[in-house]
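Peer 1: Have a peek at coords-v9.cif (mmCIF, C-alpha atoms and all ligand atoms).
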```
data_input
loop_
_atom_site.label_atom_id
_atom_site.label_comp_id
_atom_site.auth_asym_id
_atom_site.auth_seq_id
_atom_site.Cartn_x
_atom_site.Cartn_y
_atom_site.Cartn_z
CA MET R 1 0.00 0.00 0.00
CA SER R 2 1.49 3.34 -1.00
CA LYS R 3 1.43 6.27 1.40
CA VAL R 4 -0.56 9.36 0.36
CA ILE R 5 1.41 12.60 0.75
CA TYR R 6 -0.45 15.92 0.43
CA SER R 7 0.64 19.53 0.77
CA ALA R 8 -0.06 22.94 -0.72
CA ILE R 9 1.28 26.46 -1.03
CA GLN R 10 -0.56 29.75 -1.50
CA PRO R 11 0.35 31.72 -4.64
CA SER R 12 0.53 34.98 -2.72
CA GLY R 13 3.39 37.49 -2.78
CA ILE R 14 6.76 35.93 -3.54
CA MET R 15 7.94 32.38 -3.01
CA THR R 16 10.54 32.61 -0.25
CA LEU R 17 13.62 30.66 0.65
CA GLY R 18 11.59 29.58 3.73
CA ASN R 19 8.89 28.05 1.52
CA TYR R 20 11.53 26.24 -0.50
CA ILE R 21 13.64 24.91 2.38
CA GLY R 22 10.76 24.28 4.81
CA ALA R 23 8.26 22.81 2.39
CA VAL R 24 8.90 22.32 -1.33
CA ASP R 25 12.35 20.74 -0.94
CA ASN R 26 10.75 18.16 1.35
CA TRP R 27 7.94 17.52 -1.17
CA GLN R 28 10.50 16.86 -3.85
CA GLN R 29 12.31 14.34 -1.63
CA MET R 30 9.04 12.58 -0.85
CA GLN R 31 8.22 12.43 -4.56
CA ALA R 32 11.52 10.58 -5.11
CA ASN R 33 10.24 7.66 -2.98
CA GLU R 34 8.24 5.42 -5.30
CA ASP R 35 6.16 4.09 -2.40
CA ASN R 36 4.59 7.54 -2.00
CA LYS R 37 1.57 8.83 -3.89
CA CYS R 38 2.20 12.58 -3.90
CA ILE R 39 -0.43 15.29 -4.39
CA PHE R 40 0.59 18.96 -4.33
CA ALA R 41 -1.69 21.96 -4.80
CA LEU R 42 -1.55 25.66 -5.34
CA ALA R 43 -3.88 26.75 -2.53
CA ASP R 44 -5.42 29.59 -4.51
CA LEU R 45 -8.74 29.50 -2.62
CA HIS R 46 -6.84 30.21 0.58
CA THR R 47 -5.04 33.15 -1.04
CA ILE R 48 -8.08 35.44 -1.17
CA THR R 49 -8.45 35.41 2.62
CA VAL R 50 -6.14 38.42 2.22
CA ARG R 51 -7.14 40.98 -0.44
CA GLN R 52 -5.29 40.40 -3.75
CA ASP R 53 -4.80 42.57 -6.80
CA PRO R 54 -6.48 40.47 -9.59
CA LYS R 55 -3.73 40.94 -12.20
CA LYS R 56 -0.93 40.21 -9.73
CA PHE R 57 -2.82 37.23 -8.29
CA HIS R 58 -3.31 35.75 -11.77
CA GLU R 59 0.38 36.21 -12.64
CA ASN R 60 1.49 34.77 -9.30
CA ALA R 61 -0.60 31.65 -9.74
CA MET R 62 1.10 30.77 -13.05
CA SER R 63 4.47 31.77 -11.69
CA PHE R 64 4.13 29.58 -8.56
CA TYR R 65 2.97 26.62 -10.66
CA ALA R 66 6.06 26.99 -12.85
CA LEU R 67 8.25 27.40 -9.75
CA LEU R 68 7.00 24.15 -8.25
CA MET R 69 7.88 22.34 -11.46
CA ALA R 70 11.23 24.11 -11.68
CA MET R 71 11.95 22.96 -8.12
CA GLY R 72 11.60 19.35 -9.22
CA LEU R 73 7.93 18.52 -8.80
CA ASP R 74 7.11 16.41 -11.83
CA PRO R 75 3.48 16.26 -13.03
CA LYS R 76 4.17 12.74 -14.34
CA LYS R 77 5.18 11.52 -10.87
CA SER R 78 2.99 13.71 -8.63
CA ILE R 79 -0.46 15.22 -8.99
CA LEU R 80 0.18 18.96 -9.36
CA TYR R 81 -2.94 21.12 -9.56
CA PHE R 82 -4.74 24.33 -8.63
CA GLN R 83 -7.11 23.99 -5.66
CA SER R 84 -9.70 26.22 -7.38
CA HIS R 85 -9.95 23.74 -10.29
CA VAL R 86 -11.29 20.97 -8.01
CA GLN R 87 -14.62 22.11 -6.60
CA GLU R 88 -14.78 19.25 -4.11
CA HIS R 89 -12.50 21.32 -1.84
CA ALA R 90 -15.07 24.07 -1.33
CA TYR R 91 -17.91 21.53 -1.01
CA LEU R 92 -16.16 19.44 1.66
CA SER R 93 -15.10 22.61 3.44
CA TRP R 94 -18.77 23.57 3.88
CA LEU R 95 -19.65 20.13 5.24
CA LEU R 96 -16.70 20.18 7.65
CA ASN R 97 -17.73 23.64 8.87
CA CYS R 98 -20.71 21.93 10.42
CA TYR R 99 -18.38 19.64 12.40
CA THR R 100 -16.04 22.39 13.63
CA TYR R 101 -16.55 24.72 16.59
CA VAL R 102 -16.15 28.49 16.45
CA GLY R 103 -14.10 28.33 19.65
CA GLU R 104 -11.58 26.05 17.93
CA MET R 105 -11.08 28.56 15.10
CA ASN R 106 -10.80 31.49 17.51
CA ARG R 107 -7.80 29.85 19.14
CA MET R 108 -5.77 29.51 15.93
CA THR R 109 -2.49 31.45 16.09
CA GLN R 110 -2.48 32.28 12.38
CA PHE R 111 -6.02 33.69 12.62
CA LYS R 112 -4.99 35.89 15.55
CA ASP R 113 -1.78 37.05 13.78
CA LYS R 114 -3.47 37.75 10.46
CA SER R 115 -6.44 39.48 12.11
CA ALA R 116 -3.98 41.83 13.78
CA LYS R 117 -2.12 42.42 10.48
CA HIS R 118 -5.30 42.93 8.42
CA SER R 119 -7.60 44.53 10.98
CA ASP R 120 -9.61 46.23 8.19
CA ASN R 121 -10.47 42.87 6.59
CA ILE R 122 -11.12 40.16 9.22
CA ASN R 123 -13.30 38.14 6.86
CA MET R 124 -14.96 34.77 7.51
CA GLY R 125 -12.50 33.10 5.11
CA LEU R 126 -9.61 34.12 7.32
CA MET R 127 -11.26 32.46 10.29
CA ASP R 128 -12.33 29.43 8.25
CA TYR R 129 -8.89 28.88 6.69
CA PRO R 130 -8.09 25.79 8.82
CA VAL R 131 -11.37 24.10 7.84
CA LEU R 132 -10.63 24.55 4.14
CA MET R 133 -7.14 23.23 4.83
CA ALA R 134 -8.65 20.21 6.61
CA ALA R 135 -10.87 19.63 3.54
CA ASP R 136 -7.79 19.81 1.26
CA ILE R 137 -6.02 17.14 3.24
CA LEU R 138 -8.94 14.84 4.09
CA LEU R 139 -10.30 14.70 0.50
CA TYR R 140 -7.35 12.54 -0.54
CA ARG R 141 -7.26 10.22 2.50
CA THR R 142 -3.82 11.67 3.17
CA ASP R 143 -1.38 9.85 5.43
CA GLU R 144 1.32 12.52 5.72
CA VAL R 145 1.40 16.30 5.28
CA PRO R 146 4.90 17.79 4.91
CA VAL R 147 4.75 21.39 6.20
CA GLY R 148 6.77 24.04 8.03
CA ILE R 149 6.31 24.40 11.82
CA ASP R 150 3.87 27.32 11.41
CA GLN R 151 1.26 24.98 9.91
CA MET R 152 1.38 22.25 12.59
CA GLN R 153 -1.51 23.75 14.57
CA HIS R 154 -3.72 23.51 11.47
CA ILE R 155 -2.75 19.86 10.98
CA GLU R 156 -3.82 19.17 14.58
CA ILE R 157 -7.25 20.67 13.84
CA ALA R 158 -7.54 18.59 10.65
CA ARG R 159 -6.84 15.50 12.77
CA ASP R 160 -9.44 16.53 15.36
CA ILE R 161 -12.08 17.10 12.67
CA ALA R 162 -11.30 13.76 10.99
CA GLU R 163 -11.55 11.90 14.31
CA ARG R 164 -14.81 13.70 15.13
CA VAL R 165 -16.40 12.73 11.80
CA ASN R 166 -15.10 9.15 12.01
CA GLY R 167 -16.45 8.95 15.55
CA ILE R 168 -19.94 9.72 14.24
CA TYR R 169 -19.98 7.91 10.86
CA GLY R 170 -17.22 5.28 10.91
CA ASP R 171 -14.18 5.16 8.65
CA ILE R 172 -14.69 8.19 6.37
CA PHE R 173 -11.33 9.96 6.59
CA THR R 174 -7.75 8.93 7.17
CA VAL R 175 -6.35 10.78 10.19
CA PRO R 176 -3.30 12.60 8.76
CA LYS R 177 0.10 13.17 10.33
CA GLY R 178 2.12 16.39 9.95
CA VAL R 179 5.74 15.86 8.91
CA LEU R 180 8.51 18.37 9.58
CA LYS R 181 11.97 18.56 8.07
CA LYS R 182 14.69 17.73 10.60
CA VAL R 183 16.62 20.88 9.62
CA GLY R 184 14.88 23.94 8.16
CA ALA R 185 11.27 23.54 9.36
CA LYS R 186 11.32 27.24 10.28
CA ILE R 187 13.59 29.60 8.36
CA MET R 188 13.73 32.96 10.08
CA SER R 189 13.67 36.54 8.82
CA LEU R 190 17.14 37.91 7.98
CA GLN R 191 16.31 41.20 9.73
CA ASP R 192 14.44 39.87 12.78
CA PRO R 193 15.58 36.28 13.30
CA THR R 194 13.03 35.76 16.08
CA GLN R 195 10.29 35.89 13.40
CA LYS R 196 9.52 33.46 10.56
CA MET R 197 10.70 34.47 7.07
CA SER R 198 7.34 35.50 5.64
CA LYS R 199 6.02 36.18 2.14
CA SER R 200 4.18 39.23 3.40
CA ASP R 201 7.07 40.87 5.29
CA PRO R 202 7.07 44.54 4.24
CA ASN R 203 10.87 44.71 4.61
CA PRO R 204 12.40 43.19 1.44
CA LYS R 205 15.81 42.86 3.15
CA ALA R 206 14.29 40.35 5.56
CA VAL R 207 13.19 37.88 2.89
CA ILE R 208 14.96 36.00 0.11
CA SER R 209 12.75 35.49 -2.91
CA VAL R 210 13.73 32.31 -4.75
CA LEU R 211 13.83 34.49 -7.90
CA ASP R 212 16.16 37.18 -6.48
CA ASP R 213 19.32 37.84 -8.53
CA ASP R 214 22.61 36.61 -7.08
CA SER R 215 23.74 40.17 -6.32
CA VAL R 216 20.53 40.88 -4.38
CA ILE R 217 20.84 37.62 -2.44
CA MET R 218 24.46 38.42 -1.48
CA LYS R 219 23.50 41.92 -0.36
CA LYS R 220 20.66 40.61 1.81
CA PHE R 221 22.90 38.00 3.48
CA LYS R 222 25.67 40.55 4.07
CA SER R 223 23.20 42.74 5.96
CA ALA R 224 21.63 39.84 7.92
CA VAL R 225 21.17 40.60 11.62
CA THR R 226 23.36 38.48 13.93
CA ASP R 227 24.46 39.41 17.48
CA SER R 228 27.21 41.26 19.32
CA GLU R 229 29.35 38.16 20.02
CA THR R 230 31.89 36.61 17.66
CA ILE R 231 31.42 32.86 18.13
CA ILE R 232 29.78 30.86 15.33
CA LYS R 233 27.68 28.20 17.05
CA TYR R 234 24.09 26.98 16.90
CA ASP R 235 21.97 28.33 19.77
CA ALA R 236 18.49 29.18 18.48
CA GLU R 237 17.43 30.89 21.69
CA ASN R 238 20.44 33.13 22.36
CA LYS R 239 21.92 33.42 18.86
CA PRO R 240 18.89 33.25 16.50
CA GLY R 241 20.56 35.10 13.61
CA VAL R 242 23.71 32.96 13.51
CA SER R 243 21.64 29.79 14.06
CA ASN R 244 19.41 30.73 11.11
CA LEU R 245 22.44 31.21 8.83
CA LEU R 246 23.91 27.87 9.97
CA THR R 247 20.57 26.16 9.28
CA ILE R 248 20.32 27.61 5.78
CA LEU R 249 23.94 26.71 5.00
CA SER R 250 23.46 23.20 6.38
CA VAL R 251 20.53 22.60 4.01
CA CYS R 252 22.25 24.17 0.97
CA GLU R 253 25.52 22.29 1.43
CA ASN R 254 23.87 19.18 2.87
CA LYS R 255 26.28 19.20 5.82
CA PRO R 256 25.40 18.71 9.50
CA ILE R 257 25.46 21.87 11.60
CA ASP R 258 28.14 20.55 14.01
CA VAL R 259 30.49 19.97 11.05
CA LEU R 260 29.90 23.57 9.92
CA GLU R 261 30.54 24.88 13.44
CA LYS R 262 33.98 23.21 13.38
CA GLU R 263 34.76 24.61 9.92
CA PHE R 264 33.95 28.12 11.14
CA GLU R 265 36.05 27.97 14.34
CA GLY R 266 38.10 31.18 14.55
CA LEU R 267 36.30 32.79 11.58
CA MET R 268 34.10 35.90 11.60
CA TYR R 269 30.35 36.37 11.09
CA GLY R 270 31.17 38.02 7.74
CA HIS R 271 32.64 34.71 6.48
CA LEU R 272 29.48 32.86 7.48
CA LYS R 273 27.24 35.42 5.76
CA ILE R 274 29.18 35.30 2.49
CA ARG R 275 29.40 31.52 2.36
CA THR R 276 25.69 31.15 3.14
CA GLY R 277 24.77 33.72 0.47
CA GLU R 278 26.93 31.94 -2.10
CA ALA R 279 25.49 28.54 -1.19
CA VAL R 280 21.95 29.87 -1.62
CA CYS R 281 22.81 31.37 -5.05
CA GLU R 282 24.33 28.05 -6.08
CA MET R 283 21.31 26.06 -4.90
CA LEU R 284 18.76 28.32 -6.64
CA ARG R 285 20.61 28.84 -9.97
CA PRO R 286 19.46 25.70 -11.87
CA MET R 287 15.90 26.18 -10.61
CA LYS R 288 15.80 29.76 -11.95
CA GLU R 289 16.98 28.62 -15.41
CA ARG R 290 14.30 25.94 -15.56
CA TYR R 291 11.69 28.43 -14.33
CA ASN R 292 12.48 30.86 -17.18
CA GLN R 293 12.09 28.08 -19.74
CA LEU R 294 8.75 26.97 -18.28
CA MET R 295 7.35 30.50 -18.15
CA ASN R 296 7.94 30.73 -21.90
CA ASP R 297 5.54 27.83 -22.46
CA LYS R 298 2.30 28.75 -20.69
CA GLY R 299 0.33 26.33 -22.91
CA TYR R 300 2.33 23.43 -21.46
CA LEU R 301 1.81 24.69 -17.89
CA LEU R 302 -1.96 24.97 -18.42
CA GLN R 303 -2.12 21.49 -19.94
CA CYS R 304 -0.28 20.05 -16.91
CA ALA R 305 -2.63 21.95 -14.57
CA LYS R 306 -5.69 20.59 -16.38
CA GLU R 307 -4.47 17.00 -16.23
CA GLY R 308 -3.51 17.48 -12.57
CA ALA R 309 -7.01 18.70 -11.70
CA GLU R 310 -8.61 15.73 -13.48
CA LYS R 311 -6.45 13.25 -11.57
CA ALA R 312 -7.15 15.05 -8.27
CA ARG R 313 -10.91 15.02 -8.90
CA GLU R 314 -10.88 11.26 -9.55
CA ILE R 315 -9.59 10.70 -6.02
CA ALA R 316 -11.54 13.46 -4.28
CA ARG R 317 -15.02 12.75 -5.66
CA PRO R 318 -15.54 9.25 -4.15
CA VAL R 319 -14.23 10.39 -0.76
CA LEU R 320 -16.65 13.32 -0.75
CA ASP R 321 -19.51 11.06 -1.89
CA LYS R 322 -18.80 8.56 0.88
CA PHE R 323 -19.12 11.36 3.43
CA ARG R 324 -22.26 12.78 1.78
CA GLN R 325 -23.85 9.34 1.81
CA ALA R 326 -22.94 8.83 5.46
CA ILE R 327 -24.57 12.15 6.37
CA GLY R 328 -27.74 11.10 4.54
CA TYR R 329 -27.69 13.10 1.32
CA VAL R 330 -29.51 11.70 -1.71
CA LEU R 331 -26.85 10.89 -4.32
CA ILE R 332 -27.78 10.96 -8.02
N1 LIG J 401 9.92 30.61 7.02
C1 LIG J 401 9.51 29.37 6.76
N2 LIG J 401 10.28 28.32 7.12
C2 LIG J 401 9.87 27.05 6.86
N3 LIG J 401 8.71 26.74 6.23
C3 LIG J 401 7.92 27.77 5.86
N4 LIG J 401 6.72 27.81 5.23
C4 LIG J 401 6.35 29.11 5.08
N5 LIG J 401 7.28 29.92 5.60
C5 LIG J 401 8.27 29.13 6.09
C6 LIG J 401 5.98 26.64 4.76
O1 LIG J 401 5.70 26.84 3.38
C7 LIG J 401 4.46 26.18 3.07
C8 LIG J 401 3.57 27.11 2.28
O2 LIG J 401 3.30 28.27 3.05
P1 LIG J 401 2.04 29.18 2.83
O3 LIG J 401 1.57 29.10 1.45
O4 LIG J 401 1.06 28.92 3.92
O5 LIG J 401 2.56 30.63 3.01
P2 LIG J 401 3.48 31.42 4.01
O6 LIG J 401 4.83 31.56 3.39
O7 LIG J 401 3.38 30.85 5.38
O8 LIG J 401 2.91 32.88 3.95
P3 LIG J 401 1.46 33.42 4.08
O9 LIG J 401 0.63 32.55 4.99
O10 LIG J 401 0.98 33.68 2.72
O11 LIG J 401 1.60 34.79 4.73
P4 LIG J 401 2.56 35.29 5.81
O12 LIG J 401 3.67 35.88 5.02
O13 LIG J 401 1.73 36.33 6.48
O14 LIG J 401 3.00 34.17 6.71
C9 LIG J 401 3.85 25.74 4.39
O15 LIG J 401 4.10 24.37 4.58
C10 LIG J 401 4.60 26.55 5.40
O16 LIG J 401 4.67 25.88 6.65
#
```
Please re-express this file's structure in structure tokens.
Peer 2:
Amino acid sequence: MSKVIYSAIQPSGIMTLGNYIGAVDNWQQMQANEDNKCIFALADLHTITVRQDPKKFHENAMSFYALLMAMGLDPKKSILYFQSHVQEHAYLSWLLNCYTYVGEMNRMTQFKDKSAKHSDNINMGLMDYPVLMAADILLYRTDEVPVGIDQMQHIEIARDIAERVNGIYGDIFTVPKGVLKKVGAKIMSLQDPTQKMSKSDPNPKAVISVLDDDSVIMKKFKSAVTDSETIIKYDAENKPGVSNLLTILSVCENKPIDVLEKEFEGLMYGHLKIRTGEAVCEMLRPMKERYNQLMNDKGYLLQCAKEGAEKAREIARPVLDKFRQAIGYVLI
């Protein structure tokens, strides 16, 4: 029996180094295991919980789809689709709303953070985000969901909802498990390393876009915030900036952090910043070339998206119908 792997990313703002290291790189590794059945979505229904400029949103959606492929997700090996092309997501989300408590949604950290950031637009979608995310995952009878740490609370809610429904109707949903990367599950801002590197950070120096030019990447790393000491060692609590750089370098060079600490004995923070910047440029270069080729062939991207949506629907429809039947709906 193959394991079902599901995850998604919102096509909002820019794709960050955090998204790549914390999520997409992991997806690509899971795709390489032939025992896994991988399903990856562009979570474009989630994206409008924050107001989007229509033209930019449209461009971002195509760009993110191309980026996922450029990062190694292969539509022949994985199902790669847009959430908005599979209407079962919105349908199941409504049903699950009726099995979720308002109090549970009120407690969600992301809802509280985003409500504070977008106080002029605290819409129902923002509050309901975790239910739609539960629908995404449960529609495919997912076993594992590779995500960054910030999404673990939402996975817990998806598990609670699945168990609640199964408790009433029997075996409808698989109860999913969140999976974190051992190194890189939370890449921090380069300007405030106590905060997650975020797509929506208004300070561009804090965030590496995976499409930044090499010179921009180097400049951002050179101005990364560290601390007033001089020792290069991993200590996330007391030295968050240095620890973040070591984490990024460890992923890019595929070397354990303790090996890097030894290599940097007696060296300065400046050395660490430059080597990390160069390693990031090196890691992203082939992906950028592939991205530019793919963006020149939108017809191919759309064809892949269409086939992806058809394959996703084939799996989602019977799962949704099983739940509808269990509730008592008349199926035609
Ligand atoms: N900094 C990060 N480190 C590790 N993993 C991260 N992820 C996001 N940021 C980091 C993981 O990337 C996947 C997709 O994330 P998303 O589409 O939910 O978007 P986001 O980057 O978290 O940004 P948002 O929600 O659009 O807005 P802001 O910028 O306000 O946070 C997820 O698996 C996530 O864990």
Peer 1: Report as a list in words all protein, DNA and RNA residues lying within 6 Å of stretch 226-239 of chain R, evaluated on all atoms listed in the file, omitting residues in the same chain fewer than 3 positions from it.
Peer 2: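 Final neighbour list, sorted by chain and number: Val242, Ser243 and Glu261 of chain R.
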Peer 1: Looking at only C-alpha atoms and all ligand atoms, which of R:His89, R:Lys181, R:Lys322, R:Arg313 is the one that sits closest to ligand LIG 401 (chain J)?
Peer 2: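 Of R:His89, R:Lys181, R:Lys322, R:Arg313, the one nearest ligand LIG 401 (chain J) is R:Lys181, counting only C-alpha atoms and all ligand atoms.
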Peer 1: Using all atoms listed in the file, which of the listed residues (R:Met108, R:Val147, R:Ala66, R:Met15) sits closest to ligand LIG 401 (chain J)?
Peer 2: R:Val147
Peer 1: Using only C-alpha atoms and all ligand atoms, which residue out of R:Gly170, R:Gly184, R:Gly178, R:Pro75 lies closest to ligand LIG 401 (chain J)?
Peer 2: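 Checking each of R:Gly170, R:Gly184, R:Gly178, R:Pro75 against ligand LIG 401 (chain J), counting only C-alpha atoms and all ligand atoms, the winner is R:Gly184.
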Peer 1: Could I get the residue neighbourhood of ligand LIG 401 (chain J) at 7 Å, counting only C-alpha atoms and all ligand atoms, as an MDAnalysis selection string?
Peer 2: chainID R and resid 8:12 16 18:19 21:23 114 146:151 184:188 196:201
Peer 1: Leaving out stretch 37-54 of chain R and any residue of its chain fewer than 3 positions from it, which residues lie within 8 Å of it when counting only C-alpha atoms, given as an mmCIF file with C-alpha atoms, keeping the file's coordinate frame?
Peer 2:
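Final output, saved to part.cif:
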```
data_model
loop_
_atom_site.group_PDB
_atom_site.id
_atom_site.type_symbol
_atom_site.label_atom_id
_atom_site.label_comp_id
_atom_site.auth_asym_id
_atom_site.auth_seq_id
_atom_site.Cartn_x
_atom_site.Cartn_y
_atom_site.Cartn_z
ATOM 1 C CA SER R 2 1.490 3.340 -1.000
ATOM 2 C CA LYS R 3 1.430 6.270 1.400
ATOM 3 C CA VAL R 4 -0.560 9.360 0.360
ATOM 4 C CA ILE R 5 1.410 12.600 0.750
ATOM 5 C CA TYR R 6 -0.450 15.920 0.430
ATOM 6 C CA SER R 7 0.640 19.530 0.770
ATOM 7 C CA ALA R 8 -0.060 22.940 -0.720
ATOM 8 C CA ILE R 9 1.280 26.460 -1.030
ATOM 9 C CA GLN R 10 -0.560 29.750 -1.500
ATOM 10 C CA PRO R 11 0.350 31.720 -4.640
ATOM 11 C CA SER R 12 0.530 34.980 -2.720
ATOM 12 C CA MET R 30 9.040 12.580 -0.850
ATOM 13 C CA GLN R 31 8.220 12.430 -4.560
ATOM 14 C CA GLU R 34 8.240 5.420 -5.300
ATOM 15 C CA PHE R 57 -2.820 37.230 -8.290
ATOM 16 C CA HIS R 58 -3.310 35.750 -11.770
ATOM 17 C CA ALA R 61 -0.600 31.650 -9.740
ATOM 18 C CA PHE R 64 4.130 29.580 -8.560
ATOM 19 C CA TYR R 65 2.970 26.620 -10.660
ATOM 20 C CA LYS R 77 5.180 11.520 -10.870
ATOM 21 C CA SER R 78 2.990 13.710 -8.630
ATOM 22 C CA ILE R 79 -0.460 15.220 -8.990
ATOM 23 C CA LEU R 80 0.180 18.960 -9.360
ATOM 24 C CA TYR R 81 -2.940 21.120 -9.560
ATOM 25 C CA PHE R 82 -4.740 24.330 -8.630
ATOM 26 C CA GLN R 83 -7.110 23.990 -5.660
ATOM 27 C CA SER R 84 -9.700 26.220 -7.380
ATOM 28 C CA HIS R 118 -5.300 42.930 8.420
ATOM 29 C CA ASN R 121 -10.470 42.870 6.590
ATOM 30 C CA ASN R 123 -13.300 38.140 6.860
ATOM 31 C CA GLY R 125 -12.500 33.100 5.110
ATOM 32 C CA LEU R 126 -9.610 34.120 7.320
ATOM 33 C CA TYR R 129 -8.890 28.880 6.690
ATOM 34 C CA LEU R 132 -10.630 24.550 4.140
ATOM 35 C CA ALA R 312 -7.150 15.050 -8.270
#
```
Peer 1: Mind dumping a table of every stretch 43-131 of chain R residue within 10 Å of stretch 284-297 of chain R, with the nearest atom pair and its distance in Å to one decimal, using all atoms listed in the file, sorted by chain and rising number, as a Markdown table?
Peer 2:
```
| residue | atom | partner | partner_atom | distance |
| --- | --- | --- | --- | --- |
| R:Met62 | CA | R:Met295 | CA | 8.1 |
| R:Ser63 | CA | R:Met295 | CA | 7.2 |
| R:Phe64 | CA | R:Tyr291 | CA | 9.6 |
| R:Tyr65 | CA | R:Met295 | CA | 9.5 |
| R:Ala66 | CA | R:Tyr291 | CA | 6.0 |
| R:Leu67 | CA | R:Tyr291 | CA | 5.8 |
| R:Leu68 | CA | R:Tyr291 | CA | 8.8 |
| R:Met69 | CA | R:Tyr291 | CA | 7.7 |
| R:Ala70 | CA | R:Tyr291 | CA | 5.1 |
| R:Met71 | CA | R:Met287 | CA | 5.7 |
| R:Gly72 | CA | R:Met287 | CA | 8.2 |
```
Peer 1: What are the closest atom pairs, with distances in Å to one decimal, for each residue of stretch 42-96 of chain R lying within 12 Å of stretch 155-164 of chain R, using all atoms listed in the file, rows by chain and rising residue number, as JSON lines?
Peer 2:
```
{"residue": "R:Leu92", "atom": "CA", "partner": "R:Ala162", "partner_atom": "CA", "distance": 12.0}
{"residue": "R:Ser93", "atom": "CA", "partner": "R:Ile161", "partner_atom": "CA", "distance": 11.2}
{"residue": "R:Leu95", "atom": "CA", "partner": "R:Ile161", "partner_atom": "CA", "distance": 11.0}
{"residue": "R:Leu96", "atom": "CA", "partner": "R:Ile161", "partner_atom": "CA", "distance": 7.5}
```
Peer 1: For R:Val183, please output as a list of chain:residue names all residues within 8 Å (counting all atoms listed in the file; exclusion window: fewer than 4 positions along the same chain).
Peer 2: R:Thr247, R:Ser250, R:Val251
Peer 1: Any idea what's packed within 9 Å of R:Asp192, counting only C-alpha atoms, ignoring anything in its chain fewer than 6 positions away? Could you give it as an MDAnalysis selection string?
Peer 2: chainID R and resid 206 224:225 240:241
